[in-house]
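Colleague: Have a look at this one before I ask anything.
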Amino acid sequence: MKKSVFMGTLAAAGLVATGAMAQDAGSSTLAAVKDHGALKCGVNPGTPGFAAPDASGVWKGFDVDLCRAVAAAIFGDPEKVEYTPLTSAVRFTALSSGEVDMLARNTTWTFSRDVDLKAEFTGVNYYDGQGFMIPKDLGVSSAKELEGATVCIETGTTTELNLADYFRTNGMDYEPVPVESFTEAQNQFLAGACDVYTTDASALAASRASFENPSDYVVLPEIISKEPLGPLVRHGDSEWGDVVRWTLNAMVSAEELGVTSENATEMAAGTDNPEINRLLGVEGELGAMLGLPNEWAFNVITMVGNYGETFEANIGESTPVGLARGLNALWTEGGLIYSPPFR
Amino acid sequence: MTTMIDPPKADGFRISQLLYDTRYRAITIQVIAVIAFAMIAVFLLVNVNRNLASLGKEIDFGFLSNPSNYDIQQVLVDYSSQSSNLRAAYVGLLNTLFVAFLGCILATLIGVTAGVLRLSKNWLVAKIMTVYVETFRNIPVVIWIIATMAVLSEALPQPRAFRGENPDASMWLWDSVAVTGRGTYIPRPEWGAGSIFVVITFLLSLVAIWAFGRWSKRRFEATGQILPNVWIKLAIFAVPTLLVFFILGRPIALVSPALKGFNFQGGIQLSNSFLALWLALSVYTGSFIAEIVRSGILAISKGQSEAAFALGMRPSRTMNLVILPQALRVIIPPLISQFLNLTKNSSLALAVGYQDLRATLGGTTMNNTGRELECMLLMMMIYLVVSLLISSGMNVYNKSMKLKER
Ligand SMILES: N[C@@H](CCC(=O)N[C@@H](CS)C(=O)NCC(=O)O)C(=O)O
């Protein structure tokens, strides 16, 4: 008697479990995003210029613009984004557990993250490298003079790994002060709890710009690593990966082709350049192939801007962050920014 | 209620009896509970496996033997960024145990003092202790940890303030201790030739103190005479060791920290993250221990102390010989759980960047390898084992303190 009750419940348990299984199979992120009505985007908790809420609590920044562009491509509305601020240490868990649909959070594309962590990088929106910042009055002019220094590093970053390698290969000692967030790192650094703050050079510039007396601090000339920063999605949903990848490519192509948020409407009436026509959805069915409205790229460009426009508006030389295009200029102008063709 | 007295029916078993017959009902409920539990467990396991498979991540502990690639601030054993992730976890575990061990000692000292003083007849002392207990145990410990860290790193001078002709800050205790915003640097012993003999002599004196204690107690029981125990013990503690130390020509030297380059070098560094965690955990847990001690003492009936006074015992002796030995029986069991709490709370190290087990295995390693499930399982297992070891150790002590019925 008891046995049959037991068997019955086991069977029920099996049913419940398989039921749950059936429900999940074949879920596509794009469909889920459309269903949800908004894009869940993981961003940096607050690096000025890249991602930070402004005085009225609206997220602004270069990485934020990527989230907005993807939302514009899907919904035709760049405001349909739910931002999740993520520290370096939790970002991959948040992505793989499905808490966010994509990360646009100065994350370095590395082999192990791509292959072993099961993330899929969908391009590079900023070519960066790791640098060092130090108070001017310490009189240090090269990273090679940092023997014995105390260094603030954020845990869970490539920064932490590069730093260990750099000091070991140069036969120098240092004392790591692990911190959990950008703000904490800045506070410790300003309080003098560490001599050196090291992270991606772009973030160093952003951080220095936010100091009261930026000129009291210098960024050392050495760049000790390659940090290609870009958006990423979960491994295993290539359709969704394509949406994010080609949204970024559309922004780059727009700059290459001279399409801006200002002239896009005019060009959408039709031009004699077939690639512009395909990009703006005047010709062909590129949007439909992605599962998006045909004017997806037009929306991205008019609502968010092309790559160069968002760069200049958020981190360019006219902003407090003041970064030159450098490596991030178009390939035609000596940089590395390049989009595969739209055809 | 009639079922209670109904004799079992002769005509066999009916399903409804499972529910209405008290002879079966208890079993039915237990079976249902077990089945429900098994269902949940199966569901979770199936779910985890399916999700891991769809992410393409099978459970695999191979990452433990790969190089960790990161450095750790406080290492008690040999470690470099080339060591394995397992080694990093071990370093983290030692850091956890280090702060937990020192924390338990300091918390007990603080707690016992505060608990006894809270019963003091001196109004001011008693009130101060009440304020201490109430403020500390009513504010979450993580806030104390962060606040302590903030005070240490913002309020104390940085190493560079010690530099120059007229430095803004100076070292303490005849230039042997540097208290800075990065940590406190204390002198480090340097073991010269022959120092082993000093250490051996010291250990032997400890044994001698113990032996003397037993001997003097037996003598007291036999003759009723009290020796100046404290002084004799102090003498055994210090004299032979000092003698050997000087005869061998002072083989152990103390090296004071000195400012060199960016930091103080040469001494032992107690980083601020360690100090903040240690102090905050101890003071916080101490407030709970104070309450345990106070209630333990109050649990001893007043008759006991009155009887002791009637025999002409001084208050301090009454406390040491009559009240505390009995109170300990009440105090130890809840004290064990405070030690366990402190050990587990040490995982809040994260808040100040002290690299304990949670920050190495469950932090950087987990992050770099993406092995969340494996790291979490390992970490839970390790904390469980540590906790079980602490409580079984304390239980042995508890047994030895129990009322022995003869
Ligand atoms: N690119 C590196 C570092 C990225 C990173 O996390 N940078 C820090 C320093 S700027 C950051 O953004 N922190 C923000 C926060 O955690 O508050 C990586 O991908 O590991």
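Residues are named by chain letter and number: chains run A, B, ... in the order of the structure tokens, numbers start at 1 in each chain, and ligands are numbered from 1 in the order shown.
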Could you work out which residues of chain A fall inside 6 Å of chain B? Count only C-alpha atoms, and format the result as a list in words.
Modeller: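 Close to chain B, chain A has Ala13, Ala17, Leu117, Ala149, Gly156, Leu161, Ala164, Pro176, Pro178, Val179 and Ala193 of chain A.
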Colleague: Just the alpha helix (DSSP H) stuff from segment 36-182 of chain A, please, per backbone DSSP, written as a PyMOL selection string.
Modeller: chain A and resi 36+62-75+91-96+111-115+158-169+182
Colleague: Do a neighbour search on segment 390-392 of chain B at 9 Å with only C-alpha atoms, toss out local chain neighbours closer than 6 positions, and write the hits as an NGL selection string.
Modeller: :B and (336-337 or 339-340)
Colleague: Since we have the selection now, will you write its residues out, keeping N, CA and C atoms, as a PDB file, in the first residue's frame?
Modeller:
```pdb
ATOM      1  N   ILE B 336      29.126  28.353  22.472  1.00  0.00           N
ATOM      2  CA  ILE B 336      29.518  27.603  21.277  1.00  0.00           C
ATOM      3  C   ILE B 336      28.852  28.223  20.059  1.00  0.00           C
ATOM      4  N   SER B 337      27.572  28.524  20.188  1.00  0.00           N
ATOM      5  CA  SER B 337      26.909  29.021  18.984  1.00  0.00           C
ATOM      6  C   SER B 337      27.392  30.424  18.641  1.00  0.00           C
ATOM      7  N   PHE B 339      30.549  31.325  18.948  1.00  0.00           N
ATOM      8  CA  PHE B 339      31.799  31.071  18.210  1.00  0.00           C
ATOM      9  C   PHE B 339      31.496  30.676  16.773  1.00  0.00           C
ATOM     10  N   LEU B 340      30.460  29.850  16.625  1.00  0.00           N
ATOM     11  CA  LEU B 340      30.086  29.445  15.264  1.00  0.00           C
ATOM     12  C   LEU B 340      29.616  30.657  14.472  1.00  0.00           C
TER      13      LEU B 340
END
```
Colleague: Can you pull out the residues contacting segment 287-297 of chain A? Cut-off 7 Å, using only C-alpha atoms, and skip same-chain residues under 3 positions away; I want them as a PyMOL selection string.
Modeller: chain A and resi 73-74+76+243+250+279-281+300-301
Colleague: With N, CA, C and O atoms kept, could you save the residues just selected as a CSV table (one decimal), in the first residue's frame?
Modeller:
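Output below, filename out.csv:
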```
chain,number,residue,atom,x,y,z
A,73,ALA,N,16.5,49.0,-31.8
A,73,ALA,CA,16.4,48.0,-33.0
A,73,ALA,C,15.3,47.1,-32.8
A,73,ALA,O,14.6,46.8,-33.8
A,74,ILE,N,15.0,46.6,-31.6
A,74,ILE,CA,13.9,45.7,-31.3
A,74,ILE,C,12.6,46.4,-31.3
A,74,ILE,O,11.6,45.9,-31.9
A,76,GLY,N,12.0,49.9,-31.5
A,76,GLY,CA,11.8,51.2,-32.0
A,76,GLY,C,11.7,52.2,-30.9
A,76,GLY,O,11.2,53.3,-31.1
A,243,VAL,N,21.6,39.7,-33.2
A,243,VAL,CA,20.9,41.0,-33.0
A,243,VAL,C,21.9,42.0,-32.4
A,243,VAL,O,22.0,43.2,-32.9
A,250,ALA,N,25.9,48.1,-37.2
A,250,ALA,CA,25.1,49.1,-37.8
A,250,ALA,C,25.6,50.5,-37.4
A,250,ALA,O,25.7,51.4,-38.2
A,279,LEU,N,21.2,49.3,-45.4
A,279,LEU,CA,21.3,49.5,-43.9
A,279,LEU,C,20.0,50.2,-43.4
A,279,LEU,O,19.5,49.8,-42.3
A,280,LEU,N,19.5,51.1,-44.1
A,280,LEU,CA,18.4,51.9,-43.6
A,280,LEU,C,17.0,51.2,-43.9
A,280,LEU,O,16.0,51.7,-43.6
A,281,GLY,N,17.1,50.0,-44.6
A,281,GLY,CA,15.9,49.2,-44.8
A,281,GLY,C,15.1,49.7,-46.0
A,281,GLY,O,13.9,49.3,-46.1
A,300,VAL,N,18.0,52.8,-34.8
A,300,VAL,CA,19.2,52.9,-34.0
A,300,VAL,C,19.9,54.2,-34.3
A,300,VAL,O,20.3,54.9,-33.3
A,301,ILE,N,20.1,54.5,-35.5
A,301,ILE,CA,20.8,55.7,-35.9
A,301,ILE,C,20.1,57.0,-35.5
A,301,ILE,O,20.7,57.9,-35.0
```
Colleague: I'd like to know which of A:Leu146, A:Met133, A:Val43, A:Ala264 is closest to ligand 1, using only C-alpha atoms and all ligand atoms.
Modeller: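 For ligand 1, the nearest of the candidates is A:Val43.
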